[in-house]
file protein_2.tsv (TSV, C-alpha atoms)
chain	number	residue	atom	x	y	z
A	1	MET	CA	93.78	148.46	243.86
A	2	ALA	CA	91.36	150.91	242.28
A	3	GLY	CA	91.84	154.64	242.16
A	4	ARG	CA	90.27	157.81	240.78
A	5	LEU	CA	92.05	160.59	238.97
A	6	LEU	CA	90.62	163.84	237.66
A	7	LYS	CA	92.36	165.69	234.85
A	8	ASP	CA	91.30	168.51	232.56
A	9	VAL	CA	92.88	166.99	229.45
A	10	VAL	CA	93.73	163.37	228.65
A	11	ILE	CA	96.00	162.72	225.68
A	12	ALA	CA	96.05	159.14	224.43
A	13	GLY	CA	99.44	158.62	222.84
A	14	GLY	CA	102.83	159.97	223.93
A	15	GLY	CA	104.51	160.11	220.54
A	16	VAL	CA	105.48	163.31	218.77
A	17	MET	CA	101.90	164.46	218.21
A	18	GLY	CA	100.81	163.79	221.79
A	19	MET	CA	103.98	165.38	223.17
A	20	SER	CA	103.64	168.42	220.94
A	21	THR	CA	99.99	168.90	221.90
A	22	ALA	CA	100.82	168.60	225.62
A	23	PHE	CA	103.77	170.99	225.34
A	24	ASN	CA	101.67	173.64	223.66
A	25	LEU	CA	98.72	173.17	226.02
A	26	THR	CA	101.00	174.20	228.90
A	27	LYS	CA	100.90	177.71	227.44
A	28	PHE	CA	97.21	177.83	228.37
A	29	THR	CA	96.87	175.52	231.39
A	30	HIS	CA	99.03	174.15	234.22
A	31	PRO	CA	100.90	170.92	233.34
A	32	SER	CA	99.36	169.18	236.38
A	33	LYS	CA	95.97	169.33	234.64
A	34	ILE	CA	97.25	167.27	231.67
A	35	CYS	CA	97.53	163.48	231.63
A	36	MET	CA	99.30	161.56	228.88
A	37	LEU	CA	98.78	157.84	228.34
A	38	GLU	CA	101.58	155.91	226.61
A	39	PRO	CA	101.97	152.10	226.83
A	40	ASP	CA	105.56	152.05	225.51
A	41	PRO	CA	107.73	154.46	227.56
A	42	THR	CA	110.85	153.09	225.84
A	43	TYR	CA	109.55	154.20	222.41
A	44	VAL	CA	111.25	151.13	220.92
A	45	ARG	CA	108.22	150.51	218.73
A	46	SER	CA	107.29	154.12	218.16
A	47	ALA	CA	106.44	154.91	214.55
A	48	SER	CA	108.40	158.15	214.92
A	49	ALA	CA	111.52	156.40	216.22
A	50	LEU	CA	111.35	153.97	213.30
A	51	SER	CA	110.81	156.67	210.70
A	52	TRP	CA	113.40	158.38	208.52
A	53	ALA	CA	112.82	161.65	210.42
A	54	SER	CA	113.26	163.67	207.25
A	55	ILE	CA	112.01	167.24	206.96
A	56	ARG	CA	110.74	168.87	203.79
A	57	GLN	CA	108.60	171.66	202.45
A	58	GLN	CA	107.90	170.11	199.04
A	59	PHE	CA	104.18	169.41	199.32
A	60	SER	CA	101.30	170.05	196.98
A	61	LEU	CA	99.08	171.74	199.59
A	62	ALA	CA	99.83	175.07	201.24
A	63	GLU	CA	98.67	173.83	204.68
A	64	ASN	CA	101.33	171.10	204.72
A	65	ILE	CA	104.03	173.50	203.60
A	66	LYS	CA	103.16	175.96	206.37
A	67	LEU	CA	103.01	173.20	209.01
A	68	SER	CA	106.51	172.11	208.05
A	69	GLN	CA	107.88	175.66	207.85
A	70	SER	CA	106.59	176.49	211.31
A	71	SER	CA	107.87	173.18	212.70
A	72	ILE	CA	111.34	173.65	211.23
A	73	LYS	CA	111.75	176.85	213.24
A	74	PHE	CA	110.99	174.90	216.43
A	75	ILE	CA	113.29	172.02	215.53
A	76	LYS	CA	116.22	174.30	214.67
A	77	ASP	CA	115.84	176.20	217.96
A	78	ILE	CA	114.73	173.21	220.03
A	79	ASP	CA	117.26	173.90	222.79
A	80	GLN	CA	115.62	177.20	223.71
A	81	TYR	CA	112.24	175.48	224.07
A	82	LEU	CA	113.10	172.16	225.71
A	83	ARG	CA	116.31	172.56	227.73
A	84	VAL	CA	115.63	171.78	231.41
A	85	GLN	CA	116.15	174.84	233.58
A	86	GLY	CA	119.54	174.67	235.29
A	87	GLU	CA	121.03	172.22	232.80
A	88	GLU	CA	124.30	173.42	231.27
A	89	ASP	CA	124.43	171.09	228.27
A	90	ALA	CA	122.51	172.20	225.21
A	91	ILE	CA	120.04	169.86	223.53
A	92	ASP	CA	121.55	168.48	220.34
A	93	ILE	CA	119.26	166.38	218.14
A	94	ASN	CA	121.92	166.12	215.43
A	95	TYR	CA	119.79	168.14	213.03
A	96	LYS	CA	121.17	168.13	209.52
A	97	HIS	CA	119.90	170.46	206.83
A	98	GLY	CA	119.36	168.32	203.72
A	99	SER	CA	117.36	168.42	200.54
A	100	TYR	CA	114.84	166.40	198.52
A	101	LEU	CA	115.08	165.41	194.88
A	102	PHE	CA	111.90	164.42	193.04
A	103	LEU	CA	112.40	162.59	189.76
A	104	ALA	CA	109.56	162.37	187.26
A	105	ARG	CA	108.70	160.87	183.94
A	106	GLU	CA	107.70	163.16	181.12
A	107	GLU	CA	104.00	162.36	181.49
A	108	THR	CA	103.96	163.34	185.20
A	109	ALA	CA	106.34	166.29	185.11
A	110	HIS	CA	103.44	168.74	185.02
A	111	LEU	CA	102.39	167.62	188.51
A	112	LEU	CA	105.77	168.64	189.91
A	113	GLU	CA	105.52	171.97	188.12
A	114	GLU	CA	102.10	172.58	189.68
A	115	ASN	CA	103.45	171.63	193.12
A	116	ILE	CA	106.44	173.95	192.72
A	117	ALA	CA	104.11	176.85	191.99
A	118	VAL	CA	102.30	176.22	195.30
A	119	GLN	CA	105.62	175.94	197.14
A	120	LYS	CA	106.95	179.21	195.70
A	121	GLU	CA	103.74	180.95	196.72
A	122	ALA	CA	104.44	179.81	200.31
A	123	ASN	CA	108.08	181.00	200.20
A	124	VAL	CA	109.58	177.59	200.35
A	125	LYS	CA	112.86	177.36	203.32
A	126	VAL	CA	107.25	162.66	231.27
A	127	HIS	CA	107.61	160.80	234.18
A	128	ASN	CA	106.41	157.23	233.28
A	129	LYS	CA	104.84	154.83	235.75
A	130	THR	CA	104.10	151.15	235.15
A	131	THR	CA	101.40	149.65	237.33
A	132	ASN	CA	98.82	146.87	237.37
A	133	ASP	CA	96.42	148.92	239.49
A	134	THR	CA	93.01	149.87	238.11
A	135	LEU	CA	92.54	153.60	237.66
A	136	THR	CA	89.38	155.46	236.68
A	137	LEU	CA	90.39	158.55	234.77
A	138	HIS	CA	88.00	161.49	234.59
A	139	TYR	CA	88.65	164.28	232.13
A	140	ASN	CA	87.16	167.29	230.41
A	141	LYS	CA	88.99	166.98	227.10
A	142	PHE	CA	90.38	163.96	225.30
A	143	VAL	CA	92.96	163.86	222.50
A	144	ASN	CA	93.43	160.88	220.21
A	145	ALA	CA	97.14	161.02	219.37
A	146	THR	CA	97.69	157.26	219.21
A	147	GLY	CA	99.32	157.22	215.79
A	148	ILE	CA	99.04	153.88	214.05
A	149	HIS	CA	96.57	152.79	216.77
A	150	ALA	CA	94.28	155.79	216.20
A	151	LYS	CA	91.53	153.83	214.46
A	152	PHE	CA	91.42	151.21	217.23
A	153	THR	CA	91.30	153.95	219.89
A	154	ASN	CA	88.42	155.61	218.06
A	155	ASN	CA	86.58	152.29	217.79
A	156	LEU	CA	86.66	152.01	221.60
A	157	LEU	CA	84.94	155.39	221.79
A	158	ASN	CA	82.37	154.32	219.19
A	159	GLU	CA	81.37	151.39	221.43
A	160	VAL	CA	79.88	153.78	224.00
A	161	LEU	CA	78.44	156.38	221.65
A	162	PRO	CA	74.87	156.49	220.30
A	163	SER	CA	74.61	155.46	216.68
A	164	ASP	CA	74.17	159.00	215.39
A	165	SER	CA	77.47	160.08	217.02
A	166	LYS	CA	79.68	157.24	215.85
A	167	PHE	CA	82.52	158.27	213.57
A	168	ASP	CA	84.72	156.10	211.38
A	169	LEU	CA	88.31	157.37	211.42
A	170	PRO	CA	89.96	156.63	208.04
A	171	VAL	CA	93.42	155.93	209.47
A	172	THR	CA	94.99	152.54	208.85
A	173	PRO	CA	98.53	151.38	209.70
A	174	GLN	CA	100.75	150.98	206.64
A	175	ARG	CA	103.69	148.57	206.99
A	176	ASN	CA	106.94	149.68	205.34
A	177	PHE	CA	110.36	148.06	204.91
A	178	THR	CA	113.52	150.18	205.06
A	179	PHE	CA	116.84	148.75	203.85
A	180	ASN	CA	120.32	149.97	204.77
A	181	ILE	CA	122.54	149.41	201.75
A	182	ALA	CA	126.11	150.01	200.67
A	183	CYS	CA	127.24	151.02	197.19
A	184	LYS	CA	130.95	151.60	196.58
A	185	ASP	CA	130.47	153.89	193.59
A	186	GLY	CA	127.20	155.50	194.67
A	187	PRO	CA	126.73	159.28	194.69
A	188	ALA	CA	127.96	161.15	197.75
A	189	ASN	CA	125.55	163.20	199.87
A	190	LEU	CA	122.52	161.99	197.90
A	191	PRO	CA	119.46	164.08	198.86
A	192	LEU	CA	116.27	162.28	199.69
A	193	THR	CA	115.29	161.22	196.20
A	194	LEU	CA	111.89	160.01	195.05
A	195	CYS	CA	112.11	157.99	191.85
A	196	PRO	CA	109.14	157.20	189.63
A	197	LEU	CA	107.48	153.92	190.65
A	198	LYS	CA	107.78	155.01	194.28
A	199	THR	CA	111.35	154.16	195.27
A	200	VAL	CA	112.77	156.50	197.92
A	201	ILE	CA	116.47	156.74	198.82
A	202	ARG	CA	118.88	159.06	200.64
A	203	SER	CA	122.42	159.06	201.99
A	204	GLU	CA	122.81	157.90	205.60
A	205	GLY	CA	126.40	158.41	206.70
A	206	PRO	CA	128.67	156.58	204.26
A	207	ASN	CA	125.80	154.34	203.12
A	208	TYR	CA	122.16	154.70	202.06
A	209	ILE	CA	118.66	153.94	203.27
A	210	VAL	CA	116.02	153.01	200.72
A	211	LYS	CA	112.41	151.86	200.66
A	212	SER	CA	109.37	151.53	198.49
A	213	SER	CA	106.71	154.06	199.41
A	214	VAL	CA	104.01	151.56	198.45
A	215	GLY	CA	103.45	149.88	201.82
A	216	THR	CA	100.98	147.24	202.99
A	217	LEU	CA	97.82	148.36	204.81
A	218	THR	CA	96.62	146.27	207.75
A	219	ASP	CA	93.53	146.41	209.98
A	220	ASN	CA	94.83	143.56	212.17
A	221	GLN	CA	96.00	145.06	215.46
A	222	GLU	CA	97.94	141.90	216.34
A	223	GLU	CA	100.10	142.39	213.25
A	224	LEU	CA	101.29	145.71	214.67
A	225	GLU	CA	103.19	143.76	217.33
A	226	ASP	CA	105.30	142.19	214.56
A	227	PHE	CA	108.43	144.23	214.11
A	228	GLY	CA	110.33	141.29	212.66
A	229	ASP	CA	113.29	141.39	210.32
A	230	VAL	CA	112.94	142.66	206.80
A	231	ASP	CA	113.08	140.16	203.96
A	232	ASP	CA	115.83	140.82	201.41
A	233	ALA	CA	113.47	139.51	198.75
A	234	ASN	CA	111.41	142.68	199.13
A	235	PHE	CA	114.44	144.73	198.11
A	236	VAL	CA	115.22	142.53	195.12
A	237	GLU	CA	111.62	142.32	193.90
A	238	ASP	CA	110.28	145.79	194.67
A	239	ILE	CA	113.23	148.21	194.71
A	240	TRP	CA	116.50	147.14	193.14
A	241	GLU	CA	115.59	147.19	189.45
A	242	ASN	CA	113.91	150.59	189.59
A	243	LEU	CA	116.74	152.05	191.66
A	244	ALA	CA	119.48	150.77	189.36
A	245	TYR	CA	117.61	152.01	186.30
A	246	ARG	CA	117.58	155.54	187.68
A	247	ILE	CA	121.08	155.44	189.22
A	248	PRO	CA	123.15	152.73	187.46
A	249	ALA	CA	125.81	152.67	190.20
A	250	PHE	CA	123.30	150.82	192.39
A	251	GLU	CA	123.49	147.75	190.18
A	252	ALA	CA	126.31	146.75	192.56
A	253	THR	CA	124.66	146.97	195.98
A	254	LYS	CA	125.10	145.18	199.32
A	255	ILE	CA	122.26	144.92	201.85
A	256	LEU	CA	123.58	145.73	205.32
A	257	GLY	CA	120.32	145.39	207.25
A	258	GLY	CA	116.95	147.03	207.65
A	259	TRP	CA	113.86	147.48	209.78
A	260	VAL	CA	110.06	147.47	209.74
A	261	GLY	CA	108.14	150.67	210.39
A	262	TYR	CA	104.58	151.95	210.07
A	263	TYR	CA	102.78	155.01	208.72
A	264	GLU	CA	99.47	156.18	210.22
A	265	TYR	CA	97.97	156.23	206.73
A	266	ASN	CA	94.91	158.36	206.00
A	267	THR	CA	93.01	156.29	203.45
A	268	LEU	CA	90.76	159.22	202.52
A	269	ASP	CA	93.37	161.63	201.21
A	270	GLN	CA	96.79	160.89	202.80
A	271	ASN	CA	96.56	164.14	204.74
A	272	ALA	CA	96.49	165.21	208.38
A	273	LEU	CA	93.32	165.18	210.50
A	274	ILE	CA	93.49	167.92	213.13
A	275	GLY	CA	90.59	169.20	215.21
A	276	ARG	CA	87.37	168.39	217.05
A	277	HIS	CA	85.35	165.19	216.85
A	278	PRO	CA	82.46	165.87	214.44
A	279	ALA	CA	79.81	164.85	216.97
A	280	VAL	CA	81.37	164.71	220.45
A	281	ALA	CA	82.32	167.94	222.21
A	282	ASP	CA	85.78	168.12	223.76
A	283	HIS	CA	87.13	165.08	221.91
A	284	TYR	CA	89.95	165.88	219.50
A	285	PHE	CA	92.07	164.20	216.87
A	286	ILE	CA	95.63	164.69	215.61
A	287	ASN	CA	96.14	161.74	213.27
A	288	GLY	CA	96.64	160.52	209.72
A	289	PHE	CA	99.86	162.30	208.76
A	290	SER	CA	100.79	159.47	206.36
A	291	GLY	CA	104.54	159.71	206.82
A	292	HIS	CA	105.12	163.42	207.45
A	293	GLY	CA	104.11	163.51	211.11
A	294	ILE	CA	107.43	163.94	212.89
A	295	GLN	CA	108.39	166.89	210.73
A	296	GLN	CA	105.05	168.66	211.29
A	297	SER	CA	104.47	167.73	214.95
A	298	PRO	CA	105.62	171.02	216.57
A	299	ALA	CA	103.24	173.16	214.51
A	300	ALA	CA	100.43	170.59	214.44
A	301	GLY	CA	100.46	170.21	218.21
A	302	GLN	CA	100.46	173.98	218.63
A	303	CYS	CA	97.48	174.36	216.28
A	304	LEU	CA	95.48	171.70	218.13
A	305	ALA	CA	96.30	173.21	221.53
A	306	GLU	CA	95.10	176.57	220.26
A	307	ILE	CA	91.86	175.05	218.95
A	308	MET	CA	91.27	173.26	222.27
A	309	CYS	CA	91.73	176.50	224.20
A	310	GLY	CA	89.51	178.62	221.95
A	311	VAL	CA	92.39	180.50	220.35
A	312	GLU	CA	92.62	181.18	216.62
A	313	PRO	CA	95.28	178.77	215.27
A	314	HIS	CA	98.51	180.48	214.24
A	315	LEU	CA	98.19	178.67	210.89
A	316	ASP	CA	95.07	178.31	208.75
A	317	ILE	CA	94.42	174.56	208.89
A	318	ALA	CA	90.65	174.66	208.49
A	319	ALA	CA	90.95	172.40	205.44
A	320	LEU	CA	92.50	169.70	207.65
A	321	SER	CA	89.46	169.42	209.95
A	322	LEU	CA	87.46	166.20	210.26
A	323	GLU	CA	84.42	167.67	208.55
A	324	ARG	CA	85.86	166.59	205.21
A	325	VAL	CA	85.65	162.97	206.38
A	326	VAL	CA	81.97	163.33	207.28
A	327	GLU	CA	81.28	165.02	203.95
A	328	ASN	CA	83.53	162.61	202.04
A	329	LYS	CA	85.44	165.47	200.45
A	330	PRO	CA	89.10	164.43	200.16
A	331	TYR	CA	91.73	167.15	200.39
A	332	ARG	CA	94.50	165.20	198.78
A	333	GLU	CA	98.23	165.68	199.31
A	334	ARG	CA	99.94	164.42	196.15
A	335	ASN	CA	103.51	164.48	197.45
A	336	ILE	CA	103.38	161.43	199.71
A	337	LEU	CA	106.57	159.39	199.98

call {"tool": "encode", "arguments": {"input": "protein_2.tsv", "output": "structure tokens"}}
result
Amino acid sequence: MAGRLLKDVVIAGGGVMGMSTAFNLTKFTHPSKICMLEPDPTYVRSASALSWASIRQQFSLAENIKLSQSSIKFIKDIDQYLRVQGEEDAIDINYKHGSYLFLAREETAHLLEENIAVQKEANVKVHNKTTNDTLTLHYNKFVNATGIHAKFTNNLLNEVLPSDSKFDLPVTPQRNFTFNIACKDGPANLPLTLCPLKTVIRSEGPNYIVKSSVGTLTDNQEELEDFGDVDDANFVEDIWENLAYRIPAFEATKILGGWVGYYEYNTLDQNALIGRHPAVADHYFINGFSGHGIQQSPAAGQCLAEIMCGVEPHLDIAALSLERVVENKPYRERNIL
């Protein structure tokens, strides 16, 4: 059965970026005028659900620091924003205030010192319906918030655009392996620690989660359906030696399990892309966060909603617009985990 639906705004992707954009758009327009498209209402394979969900302010660019600072305020006070009217129970997302520890070799220590200077300057602290019916959706504004599928979504748009309006979105899924490990004599309450050679580890309850931040890029959309088991060989070959060298207690380690997750990796500069399509009016992007999306989603969604409604963004994120892609001018974030 075919149908027709008219909406003011269509948001492709119901993850944290799509949700944040929709939430903030309701400050300017009635919720009934917004339509969100999300193929996985269970969020079992959501990149956000499979992420570490860590929050930090230690970036090398002021825009990323401010996005995280603004988002932290929302996350800490999330109950006052998202509690359903009439509900007695407060929203508890089990937020834990933690820290990050960046380790460096002597030859790269100056990069951390430069980053710290930037951080000090910034004062671093749906109803879902499944149907087989055909529906024609008409809209005035469209948001690409499809995360690791952003490039494929954009390619569908390119198929109907004239050649001078086509735009290549530099966002590619990056496959990562996270391991849950036990270490009897390991340090307690270990902050999220980045070791040289890109090993990342933090305490998770009585145990630890660890990964290599050097993931595998893939342009094969079928591969994104593979959320198979992690291979212990990846831990032994890519992580263990470096980890034990930095923290000798981890020479005696037991692998308890693990999972596969993905980053929406911006191949241009590993930084967010927020704003209008360079050539198509009323088409917008909120993509490419390269691993720091969930922590910046409240502020990023608010900024995009403000841009879409002709309001000056509450944060200066002009440097994160898509013009830098067209001009091939990377605005690189060095602190990518």

call {"tool": "closest_atom_pairs", "arguments": {"input": "protein_2.tsv", "of": "region 234-307 of chain A", "to": "region 167-175 of chain A", "cutoff": "7 Å", "atoms": "only C-alpha atoms", "output": "tab-separated table"}}
result
residue	atom	partner	partner_atom	distance
A:Gly261	CA	A:Arg175	CA	6.0
A:Tyr262	CA	A:Arg175	CA	4.7
A:Tyr263	CA	A:Gln174	CA	5.0
A:Glu264	CA	A:Pro173	CA	4.9
A:Tyr265	CA	A:Thr172	CA	5.2
A:Asn266	CA	A:Val171	CA	4.5
A:Thr267	CA	A:Pro170	CA	5.5
A:Leu268	CA	A:Pro170	CA	6.1
A:Gly288	CA	A:Val171	CA	5.6

call {"tool": "closest_residue", "arguments": {"input": "protein_2.tsv", "among": "A:Ser20, A:Gln69, A:Ser54, A:Ser290", "to": "Asn123 (chain A)", "atoms": "all atoms listed in the file"}}
result
A:Gln69

call {"tool": "atom_distance", "arguments": {"input": "protein_2.tsv", "atom1": "CA of Ile65 (chain A)", "atom2": "CA of Phe285 (chain A)"}}
result
20.1 Å

call {"tool": "closest_residue", "arguments": {"input": "protein_2.tsv", "among": "A:Ile78, A:Ala233, A:Cys309, A:Ile294", "to": "Val16 (chain A)", "atoms": "all atoms listed in the file"}}
result
A:Ile294

call {"tool": "atom_distance", "arguments": {"input": "protein_2.tsv", "atom1": "CA of Glu312 (chain A)", "atom2": "CA of Gly275 (chain A)"}}
result
12.2 Å

call {"tool": "residues_around", "arguments": {"input": "protein_2.tsv", "residues": "Phe59 (chain A)", "least_positions_apart": "2", "cutoff": "10 Å", "atoms": "all atoms listed in the file", "output": "PDB file with C-alpha atoms, in the frame of the given file"}}
result
ATOM      1  CA  ARG A  56     110.740 168.870 203.790  1.00  0.00           C
ATOM      2  CA  GLN A  57     108.600 171.660 202.450  1.00  0.00           C
ATOM      3  CA  LEU A  61      99.080 171.740 199.590  1.00  0.00           C
ATOM      4  CA  ALA A  62      99.830 175.070 201.240  1.00  0.00           C
ATOM      5  CA  GLU A  63      98.670 173.830 204.680  1.00  0.00           C
ATOM      6  CA  ASN A  64     101.330 171.100 204.720  1.00  0.00           C
ATOM      7  CA  ILE A  65     104.030 173.500 203.600  1.00  0.00           C
ATOM      8  CA  LYS A  66     103.160 175.960 206.370  1.00  0.00           C
ATOM      9  CA  SER A  68     106.510 172.110 208.050  1.00  0.00           C
ATOM     10  CA  LEU A 112     105.770 168.640 189.910  1.00  0.00           C
ATOM     11  CA  ASN A 115     103.450 171.630 193.120  1.00  0.00           C
ATOM     12  CA  ILE A 116     106.440 173.950 192.720  1.00  0.00           C
ATOM     13  CA  VAL A 118     102.300 176.220 195.300  1.00  0.00           C
ATOM     14  CA  GLN A 119     105.620 175.940 197.140  1.00  0.00           C
ATOM     15  CA  VAL A 124     109.580 177.590 200.350  1.00  0.00           C
ATOM     16  CA  GLU A 333      98.230 165.680 199.310  1.00  0.00           C
ATOM     17  CA  ARG A 334      99.940 164.420 196.150  1.00  0.00           C
ATOM     18  CA  ASN A 335     103.510 164.480 197.450  1.00  0.00           C
ATOM     19  CA  ILE A 336     103.380 161.430 199.710  1.00  0.00           C
TER      20      ILE A 336
END

call {"tool": "closest_residue", "arguments": {"input": "protein_2.tsv", "among": "A:Gly86, A:Pro248, A:Gly15, A:Pro313", "to": "Gly147 (chain A)", "atoms": "all atoms listed in the file"}}
result
A:Gly15

call {"tool": "atom_distance", "arguments": {"input": "protein_2.tsv", "atom1": "CA of Arg202 (chain A)", "atom2": "CA of Ala300 (chain A)"}}
result
25.8 Å

call {"tool": "residues_around", "arguments": {"input": "protein_2.tsv", "residues": "region 21-30 of chain A", "least_positions_apart": "3", "cutoff": "6 Å", "atoms": "all atoms listed in the file", "output": "list in words"}}
result
Gly18, Lys33, Gly301, Gln302 and Ala305 of chain A

call {"tool": "write_last_selection", "arguments": {"input": "protein_2.tsv", "atoms": "C-alpha atoms", "output": "compact mmCIF listing (two decimals), in the frame of the given file"}}
result
# COMPACT_ATOMS: atom_id res chain seq x y z
CA GLY A 18 100.81 163.79 221.79
CA LYS A 33 95.97 169.33 234.64
CA GLY A 301 100.46 170.21 218.21
CA GLN A 302 100.46 173.98 218.63
CA ALA A 305 96.30 173.21 221.53

call {"tool": "residues_around", "arguments": {"input": "protein_2.tsv", "residues": "Lys211 (chain A)", "least_positions_apart": "5", "cutoff": "9 Å", "atoms": "all atoms listed in the file", "output": "ChimeraX atom specification"}}
result
/A:176-179,198-201,235,238-239

call {"tool": "closest_residue", "arguments": {"input": "protein_2.tsv", "among": "A:Pro196, A:Asn328, A:Gly257, A:Phe74", "to": "Glu107 (chain A)", "atoms": "only C-alpha atoms"}}
result
A:Pro196

call {"tool": "closest_residue", "arguments": {"input": "protein_2.tsv", "among": "A:Cys35, A:Ala279, A:Val44, A:Val236", "to": "Leu161 (chain A)", "atoms": "all atoms listed in the file"}}
result
A:Ala279

call {"tool": "closest_residue", "arguments": {"input": "protein_2.tsv", "among": "A:Val10, A:Cys303, A:Glu159, A:Pro206", "to": "Leu37 (chain A)", "atoms": "all atoms listed in the file"}}
result
A:Val10

call {"tool": "decode", "arguments": {"input": "protein_2.tsv", "residues": "region 29-35 of chain A", "atoms": "all heavy atoms", "output": "PDB file, in the first residue's frame"}}
result
ATOM      1  N   THR A  29      10.211  24.419  16.348  1.00  0.00           N
ATOM      2  CA  THR A  29       9.095  23.939  15.545  1.00  0.00           C
ATOM      3  C   THR A  29       8.374  22.830  16.294  1.00  0.00           C
ATOM      4  O   THR A  29       8.938  22.202  17.192  1.00  0.00           O
ATOM      5  CB  THR A  29       9.587  23.434  14.172  1.00  0.00           C
ATOM      6  OG1 THR A  29       8.458  23.158  13.337  1.00  0.00           O
ATOM      7  CG2 THR A  29      10.411  22.163  14.314  1.00  0.00           C
ATOM      8  N   HIS A  30       7.117  22.560  15.938  1.00  0.00           N
ATOM      9  CA  HIS A  30       6.336  21.532  16.626  1.00  0.00           C
ATOM     10  C   HIS A  30       6.885  20.144  16.281  1.00  0.00           C
ATOM     11  O   HIS A  30       7.239  19.885  15.117  1.00  0.00           O
ATOM     12  CB  HIS A  30       4.864  21.628  16.227  1.00  0.00           C
ATOM     13  CG  HIS A  30       3.955  20.847  17.129  1.00  0.00           C
ATOM     14  ND1 HIS A  30       3.688  19.512  16.944  1.00  0.00           N
ATOM     15  CD2 HIS A  30       3.275  21.221  18.247  1.00  0.00           C
ATOM     16  CE1 HIS A  30       2.872  19.093  17.897  1.00  0.00           C
ATOM     17  NE2 HIS A  30       2.603  20.110  18.701  1.00  0.00           N
ATOM     18  N   PRO A  31       6.952  19.243  17.265  1.00  0.00           N
ATOM     19  CA  PRO A  31       7.492  17.900  17.011  1.00  0.00           C
ATOM     20  C   PRO A  31       6.787  17.159  15.876  1.00  0.00           C
ATOM     21  O   PRO A  31       7.403  16.323  15.205  1.00  0.00           O
ATOM     22  CB  PRO A  31       7.285  17.181  18.350  1.00  0.00           C
ATOM     23  CG  PRO A  31       7.274  18.270  19.367  1.00  0.00           C
ATOM     24  CD  PRO A  31       6.642  19.448  18.698  1.00  0.00           C
ATOM     25  N   SER A  32       5.505  17.447  15.648  1.00  0.00           N
ATOM     26  CA  SER A  32       4.754  16.753  14.596  1.00  0.00           C
ATOM     27  C   SER A  32       5.273  17.066  13.203  1.00  0.00           C
ATOM     28  O   SER A  32       4.974  16.350  12.242  1.00  0.00           O
ATOM     29  CB  SER A  32       3.272  17.120  14.679  1.00  0.00           C
ATOM     30  OG  SER A  32       3.073  18.509  14.434  1.00  0.00           O
ATOM     31  N   LYS A  33       6.075  18.123  13.080  1.00  0.00           N
ATOM     32  CA  LYS A  33       6.628  18.505  11.780  1.00  0.00           C
ATOM     33  C   LYS A  33       7.967  17.832  11.496  1.00  0.00           C
ATOM     34  O   LYS A  33       8.579  18.070  10.466  1.00  0.00           O
ATOM     35  CB  LYS A  33       6.792  20.020  11.708  1.00  0.00           C
ATOM     36  CG  LYS A  33       5.469  20.790  11.779  1.00  0.00           C
ATOM     37  CD  LYS A  33       5.702  22.284  11.637  1.00  0.00           C
ATOM     38  CE  LYS A  33       4.372  23.044  11.666  1.00  0.00           C
ATOM     39  NZ  LYS A  33       4.592  24.504  11.522  1.00  0.00           N
ATOM     40  N   ILE A  34       8.445  17.008  12.450  1.00  0.00           N
ATOM     41  CA  ILE A  34       9.752  16.355  12.327  1.00  0.00           C
ATOM     42  C   ILE A  34       9.553  14.859  12.150  1.00  0.00           C
ATOM     43  O   ILE A  34       8.790  14.229  12.881  1.00  0.00           O
ATOM     44  CB  ILE A  34      10.617  16.624  13.569  1.00  0.00           C
ATOM     45  CG1 ILE A  34      10.785  18.129  13.797  1.00  0.00           C
ATOM     46  CG2 ILE A  34      11.986  15.940  13.438  1.00  0.00           C
ATOM     47  CD1 ILE A  34      11.415  18.472  15.135  1.00  0.00           C
ATOM     48  N   CYS A  35      10.252  14.277  11.188  1.00  0.00           N
ATOM     49  CA  CYS A  35      10.212  12.830  10.960  1.00  0.00           C
ATOM     50  C   CYS A  35      11.616  12.270  11.059  1.00  0.00           C
ATOM     51  O   CYS A  35      12.551  12.791  10.453  1.00  0.00           O
ATOM     52  CB  CYS A  35       9.632  12.523   9.577  1.00  0.00           C
ATOM     53  SG  CYS A  35       9.619  10.757   9.162  1.00  0.00           S
TER      54      CYS A  35
END
